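K.L.:
See structure-v7.txt below, with compact mmCIF, C-alpha atoms (C1' of nucleotides).
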# COMPACT_ATOMS: atom_id res chain seq x y z
CA MET A 1 87.15 16.07 104.09
CA LYS A 2 89.97 18.60 103.94
CA ILE A 3 91.87 19.14 107.18
CA ALA A 4 94.61 21.61 108.06
CA THR A 5 96.84 22.92 110.83
CA TRP A 6 98.16 26.43 111.36
CA ASN A 7 100.13 28.11 114.14
CA VAL A 8 98.74 31.64 113.92
CA ASN A 9 100.96 33.30 116.57
CA SER A 10 98.10 35.27 118.17
CA LEU A 11 94.55 34.78 116.91
CA LYS A 12 93.79 38.35 117.90
CA VAL A 13 96.30 39.62 115.35
CA ARG A 14 95.58 36.92 112.76
CA GLN A 15 91.78 36.68 112.99
CA GLN A 16 91.21 38.18 109.54
CA HIS A 17 93.95 35.97 108.05
CA VAL A 18 92.18 32.90 109.42
CA ILE A 19 88.81 33.98 108.02
CA ASP A 20 90.33 34.85 104.64
CA TRP A 21 92.29 31.61 104.46
CA LEU A 22 89.26 29.49 105.38
CA GLU A 23 87.46 30.97 102.37
CA LEU A 24 90.48 30.59 100.10
CA SER A 25 91.53 27.06 101.06
CA HIS A 26 88.08 25.48 101.42
CA VAL A 27 89.28 23.41 104.37
CA ASP A 28 86.57 21.71 106.42
CA VAL A 29 88.56 21.36 109.63
CA LEU A 30 91.23 23.83 110.74
CA CYS A 31 93.40 23.19 113.79
CA LEU A 32 94.95 26.33 115.27
CA GLN A 33 97.80 26.79 117.71
CA GLU A 34 99.18 29.72 119.70
CA LEU A 35 95.89 31.53 120.11
CA LYS A 36 97.49 33.58 122.91
CA MET A 37 94.05 34.52 124.28
CA PRO A 38 91.72 33.41 127.07
CA ASP A 39 88.52 31.57 126.06
CA GLU A 40 86.34 34.64 126.61
CA LYS A 41 88.26 36.48 123.87
CA PHE A 42 87.89 33.73 121.27
CA PRO A 43 86.08 35.09 118.15
CA ARG A 44 83.43 32.36 118.18
CA ALA A 45 80.61 34.61 116.94
CA GLU A 46 82.70 36.04 114.08
CA LEU A 47 83.57 32.54 112.87
CA ALA A 48 79.98 31.35 113.33
CA GLU A 49 78.84 34.20 111.12
CA LYS A 50 81.17 32.90 108.40
CA GLY A 51 79.80 29.36 108.76
CA TYR A 52 82.16 27.66 111.21
CA ARG A 53 81.82 26.20 114.68
CA SER A 54 84.74 26.38 117.08
CA TRP A 55 86.08 24.38 119.99
CA PHE A 56 89.01 25.79 121.89
CA ALA A 57 91.24 25.67 124.94
CA GLY A 58 92.82 29.05 125.49
CA GLN A 59 94.77 30.96 128.08
CA LYS A 60 96.10 34.46 128.51
CA THR A 61 99.35 35.44 126.73
CA TYR A 62 100.64 31.99 125.75
CA ASN A 63 99.68 28.73 124.05
CA GLY A 64 96.02 27.97 123.28
CA VAL A 65 94.62 25.59 120.66
CA ALA A 66 91.41 25.31 118.66
CA ILE A 67 89.51 23.19 116.16
CA ILE A 68 87.32 25.06 113.67
CA VAL A 69 84.76 23.04 111.71
CA ARG A 70 82.72 24.05 108.68
CA ASP A 71 78.93 23.91 109.19
CA GLY A 72 77.45 20.70 107.83
CA ILE A 73 80.33 18.49 108.96
CA GLU A 74 79.22 16.12 111.71
CA VAL A 75 80.82 16.73 115.09
CA ASP A 76 80.67 14.47 118.14
CA GLU A 77 81.75 16.55 121.11
CA THR A 78 80.69 14.07 123.78
CA GLN A 79 84.28 12.86 124.08
CA ILE A 80 86.02 16.22 123.83
CA VAL A 81 89.46 16.21 125.43
CA ARG A 82 91.42 19.23 126.65
CA ASN A 83 95.08 18.61 127.43
CA ILE A 84 96.67 15.17 127.62
CA PRO A 85 94.62 12.95 129.95
CA GLY A 86 96.71 11.91 132.94
CA PHE A 87 99.25 14.68 132.39
CA ALA A 88 98.69 17.63 134.70
CA ASP A 89 99.53 20.80 132.78
CA GLU A 90 98.81 24.48 133.30
CA GLN A 91 99.53 25.15 129.63
CA GLN A 92 96.73 24.77 127.09
CA ARG A 93 98.37 22.72 124.36
CA LEU A 94 95.92 20.09 123.16
CA ILE A 95 92.30 19.66 122.19
CA ALA A 96 90.67 16.59 120.63
CA LEU A 97 87.27 16.13 119.06
CA THR A 98 85.52 13.64 116.76
CA VAL A 99 84.78 15.27 113.40
CA GLY A 100 83.25 13.49 110.41
CA GLY A 101 83.96 10.15 112.10
CA ALA A 102 87.66 10.93 112.58
CA ARG A 103 89.43 11.76 115.81
CA ILE A 104 91.00 15.19 115.26
CA VAL A 105 93.76 16.29 117.64
CA SER A 106 95.07 19.87 117.55
CA ALA A 107 98.36 20.12 119.43
CA TYR A 108 100.92 22.78 120.23
CA PHE A 109 104.03 20.89 121.28
CA PRO A 110 106.35 22.68 123.72
CA ASN A 111 109.16 24.66 122.15
CA GLY A 112 111.84 23.30 124.47
CA GLN A 113 114.11 26.35 124.39
CA ALA A 114 117.40 24.38 124.27
CA PRO A 115 118.61 20.87 125.11
CA GLY A 116 119.56 20.61 128.76
CA THR A 117 117.09 23.22 130.01
CA GLU A 118 114.08 22.63 132.24
CA LYS A 119 111.83 23.58 129.32
CA PHE A 120 113.47 20.92 127.19
CA ALA A 121 112.86 18.32 129.91
CA TYR A 122 109.19 19.43 129.98
CA LYS A 123 109.02 19.03 126.21
CA LEU A 124 110.25 15.43 126.45
CA ARG A 125 107.86 14.65 129.33
CA TRP A 126 105.00 16.14 127.33
CA LEU A 127 105.94 14.06 124.28
CA ASP A 128 106.13 10.91 126.39
CA ALA A 129 102.69 11.55 127.89
CA LEU A 130 101.29 12.26 124.41
CA ALA A 131 102.59 8.94 123.06
CA GLN A 132 101.17 7.04 126.02
CA TRP A 133 97.74 8.62 125.60
CA LEU A 134 97.74 8.16 121.80
CA LYS A 135 98.45 4.48 122.17
CA ASP A 136 95.08 4.05 123.91
CA GLU A 137 93.33 6.66 121.80
CA LEU A 138 94.27 4.82 118.60
CA HIS A 139 92.54 1.70 119.87
CA VAL A 140 89.35 3.63 120.58
CA HIS A 141 89.61 5.72 117.39
CA PRO A 142 91.27 3.83 114.51
CA LYS A 143 90.66 6.92 112.37
CA LEU A 144 92.90 9.50 114.04
CA ALA A 145 94.77 12.59 112.86
CA LEU A 146 97.33 14.42 114.98
CA LEU A 147 97.76 17.92 113.60
CA GLY A 148 99.84 20.72 114.98
CA ASP A 149 103.01 22.62 115.60
CA TYR A 150 105.29 19.78 116.70
CA ASN A 151 108.31 22.03 117.20
CA ILE A 152 110.38 19.18 115.75
CA ALA A 153 111.99 18.91 112.32
CA PRO A 154 112.07 15.11 111.92
CA GLU A 155 114.88 14.81 109.37
CA ASP A 156 117.75 16.84 107.97
CA ARG A 157 115.82 17.40 104.76
CA ASP A 158 113.30 19.32 106.90
CA VAL A 159 116.01 21.85 107.80
CA HIS A 160 117.34 24.57 105.48
CA ASP A 161 120.86 24.31 106.91
CA PRO A 162 121.28 21.01 108.77
CA LYS A 163 124.95 21.69 109.57
CA ALA A 164 124.20 24.97 111.30
CA TRP A 165 121.30 23.42 113.18
CA GLU A 166 122.96 20.16 114.19
CA GLY A 167 122.11 19.17 117.79
CA GLN A 168 120.09 22.31 118.41
CA ASN A 169 116.59 22.67 119.75
CA LEU A 170 113.91 21.48 117.28
CA VAL A 171 116.29 19.04 115.57
CA SER A 172 118.11 17.30 118.46
CA PRO A 173 118.32 13.48 118.49
CA GLU A 174 116.12 13.28 121.62
CA GLU A 175 113.33 15.26 120.00
CA ARG A 176 113.57 13.31 116.77
CA ALA A 177 113.49 10.04 118.72
CA ALA A 178 110.29 11.23 120.41
CA PHE A 179 108.81 12.08 117.01
CA PHE A 180 109.59 8.62 115.66
CA LYS A 181 108.03 7.06 118.77
CA LEU A 182 104.79 8.50 117.43
CA VAL A 183 105.55 6.95 114.05
CA GLU A 184 106.15 3.62 115.79
CA LEU A 185 102.56 3.79 117.08
CA GLY A 186 101.56 3.43 113.45
CA LEU A 187 101.13 7.11 112.65
CA VAL A 188 102.19 8.24 109.18
CA ASP A 189 103.65 11.62 108.21
CA ALA A 190 101.07 12.60 105.58
CA PHE A 191 103.46 15.04 103.91
CA ARG A 192 105.99 12.32 103.14
CA GLN A 193 103.40 10.06 101.55
CA PHE A 194 103.63 12.22 98.46
CA GLU A 195 106.25 13.67 96.19
CA GLN A 196 107.13 17.13 97.50
CA PRO A 197 109.19 20.07 96.30
CA GLU A 198 112.72 20.15 97.73
CA LYS A 199 113.17 22.40 100.75
CA THR A 200 109.52 22.67 101.73
CA PHE A 201 109.21 24.25 105.16
CA THR A 202 106.41 25.45 107.46
CA TRP A 203 108.20 28.01 109.62
CA TRP A 204 110.57 30.87 108.83
CA ASP A 205 112.10 33.24 111.37
CA TYR A 206 110.78 36.79 111.16
CA ARG A 207 114.36 38.00 111.20
CA MET A 208 117.15 38.08 108.64
CA LEU A 209 114.79 37.90 105.67
CA ALA A 210 114.44 34.19 106.41
CA PHE A 211 111.25 33.73 104.37
CA ARG A 212 112.70 35.41 101.30
CA ARG A 213 115.80 33.19 101.59
CA ASN A 214 113.60 30.15 102.34
CA ALA A 215 115.67 29.65 105.48
CA GLY A 216 113.04 27.59 107.24
CA LEU A 217 112.17 24.39 109.05
CA ARG A 218 109.37 21.86 108.59
CA ILE A 219 108.01 21.64 112.14
CA ASP A 220 104.23 21.62 111.55
CA HIS A 221 102.88 18.19 110.73
CA ILE A 222 99.85 16.03 110.07
CA LEU A 223 100.30 12.48 111.34
CA LEU A 224 97.62 10.00 110.33
CA SER A 225 96.60 6.61 111.65
CA PRO A 226 96.97 3.83 109.05
CA GLU A 227 93.30 3.93 108.14
CA LEU A 228 93.36 7.67 107.46
CA ALA A 229 96.76 7.52 105.79
CA GLN A 230 95.26 5.12 103.26
CA ALA A 231 92.43 7.53 102.60
CA CYS A 232 94.73 10.54 102.24
CA THR A 233 95.08 11.75 98.65
CA LEU A 234 97.09 14.95 99.12
CA CYS A 235 99.22 16.80 101.65
CA GLU A 236 100.83 20.16 101.04
CA VAL A 237 102.15 23.32 102.68
CA ASP A 238 100.34 26.51 101.64
CA LYS A 239 102.80 29.39 101.74
CA THR A 240 100.20 31.91 100.58
CA PRO A 241 99.28 33.49 103.94
CA ARG A 242 102.96 33.71 104.91
CA LYS A 243 103.23 36.33 102.15
CA TRP A 244 100.37 38.44 103.48
CA GLU A 245 100.88 41.60 105.46
CA GLN A 246 101.77 41.05 109.13
CA PRO A 247 101.85 37.26 108.77
CA SER A 248 102.24 34.47 111.26
CA ASP A 249 105.75 33.02 111.08
CA HIS A 250 104.16 29.62 110.27
CA ALA A 251 102.42 28.45 107.10
CA PRO A 252 99.44 26.09 107.18
CA VAL A 253 99.65 22.41 106.20
CA ILE A 254 96.69 20.78 104.45
CA ALA A 255 95.67 17.14 103.99
CA GLN A 256 92.84 15.85 101.84
CA LEU A 257 91.13 12.76 103.24
CA GLY A 258 89.25 10.78 100.61
C1' DA B 1 128.66 34.62 120.63
C1' DT B 2 125.02 37.90 119.50
C1' DG B 3 121.49 40.10 117.06
C1' DG B 4 117.99 40.28 113.76
C1' DC B 5 111.64 40.18 114.52
C1' DA B 6 107.07 39.80 116.56
C1' DA B 7 103.64 39.42 120.26
C1' DT B 8 102.26 40.01 125.12
C1' DG B 9 101.46 42.59 129.38
C1' DA B 10 102.12 46.76 130.83
C1' DG B 11 102.60 51.39 130.30
C1' DA B 12 109.59 50.44 130.15
C1' DC B 13 111.35 46.72 128.90
C1' DA B 14 111.46 41.65 130.13
C1' DT B 15 109.88 37.19 128.42
C1' DT B 16 108.92 33.87 124.98
C1' DG B 17 109.09 31.95 120.72
C1' DA B 18 111.71 28.62 117.06
Could you quickly redo this structure as structure tokens?
P.N.:
Amino acid sequence: MKIATWNVNSLKVRQQHVIDWLELSHVDVLCLQELKMPDEKFPRAELAEKGYRSWFAGQKTYNGVAIIVRDGIEVDETQIVRNIPGFADEQQRLIALTVGGARIVSAYFPNGQAPGTEKFAYKLRWLDALAQWLKDELHVHPKLALLGDYNIAPEDRDVHDPKAWEGQNLVSPEERAAFFKLVELGLVDAFRQFEQPEKTFTWWDYRMLAFRRNAGLRIDHILLSPELAQACTLCEVDKTPRKWEQPSDHAPVIAQLG
DNA sequence: ATGGCAATGAGACATTGA
């Protein structure tokens, strides 16, 4: 089973990119973030026509997450989860579903704006609640994958210019500590299980020709429970759709399980 | 320190993102 995550920065604008990339990449499960649309606008029928079922938690203007599954892959939706259980949140940032026997979590972590702000405090609270929930979830589902836009670059090698970024939002010690709390639960960064090209990133600012200069960050991740990490044979960033016309500022990350 | 760009809602420009 091939799984992937992609922050599309508006599914309305990127709908055709998603359909084209599903065909191109042959992924079985695609987790999306930043749909920026209410549920009634989700292109369920268009995706169904192409051979995919969709589960989503959307809202107007901001946030919104989805899991898209290729027909023929077994889905158990009896234990579908929207948002972090026990964490009251107006913002639609998480959806979880059992696909092909694995617990698949699609998550859009808060941006945080800047250390010291109320949004940053919310980001840390959200991360804390996520870790608490995952601790239990991992016991129930030993095969678990947490895919999404984490809005955290875990290490300096995930940052194009670590000096310039030092202490800033997305790389601050508090955020990185929260990331490694997830690792302490037993989750494994699938990308780092394999040899990777230097300076591989998943997000590049639209401005200042950042993509052309490869001035990016690796903030989109696939974390796997030990059982799935063992089964994982490949993890890579696909920069292809970032080169298409009117792209999302993020590139998708893919992991092959088994 | 600020802007650069893109998307949204609204119907000009403020807000958010990362």
K.L.:
When the cut-off is 9 Å and we count all atoms listed in the file, which residues of chain B are near chain A, given as a PyMOL selection string?
P.N.:
chain B and resi 4-9+16-18
K.L.:
Near Phe179 (chain A), counting only C-alpha atoms (C1' of nucleotides), which residues have an atom at most 9 Å away, once you skip same-chain residues fewer than 5 positions from it, shown as a ChimeraX atom specification?
P.N.:
/A:127,150,152-154,174,184
K.L.:
Tell me, as a PyMOL selection string, which residues lie within 9 Å of Arg82 (chain A), counting all atoms listed in the file; anything in the same chain fewer than 6 positions away does not count.
P.N.:
chain A and resi 56-57+92-96
K.L.:
For CA of Ile67 (chain A) and CA of Gln196 (chain A), quote the distance in Å rounded to one decimal.
P.N.:
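Separation between CA of Ile67 (chain A) and CA of Gln196 (chain A): 26.4 Å.
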K.L.:
Report, in Å with one decimal, the straight-line distance from CA of Gly186 (chain A) to CA of Ile222 (chain A).
P.N.:
13.2 Å
K.L.:
Which residue, A:Leu147, A:Trp55, A:Gln256, A:Asp220, has the smallest gap to Ala107 (chain A) when you use all atoms listed in the file?
P.N.:
A:Leu147
K.L.:
Between CA of Val105 (chain A) and CA of Pro162 (chain A), what distance in Å does the model show, to one decimal?
P.N.:
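According to the coordinates, CA of Val105 (chain A) and CA of Pro162 (chain A) are separated by 29.3 Å.
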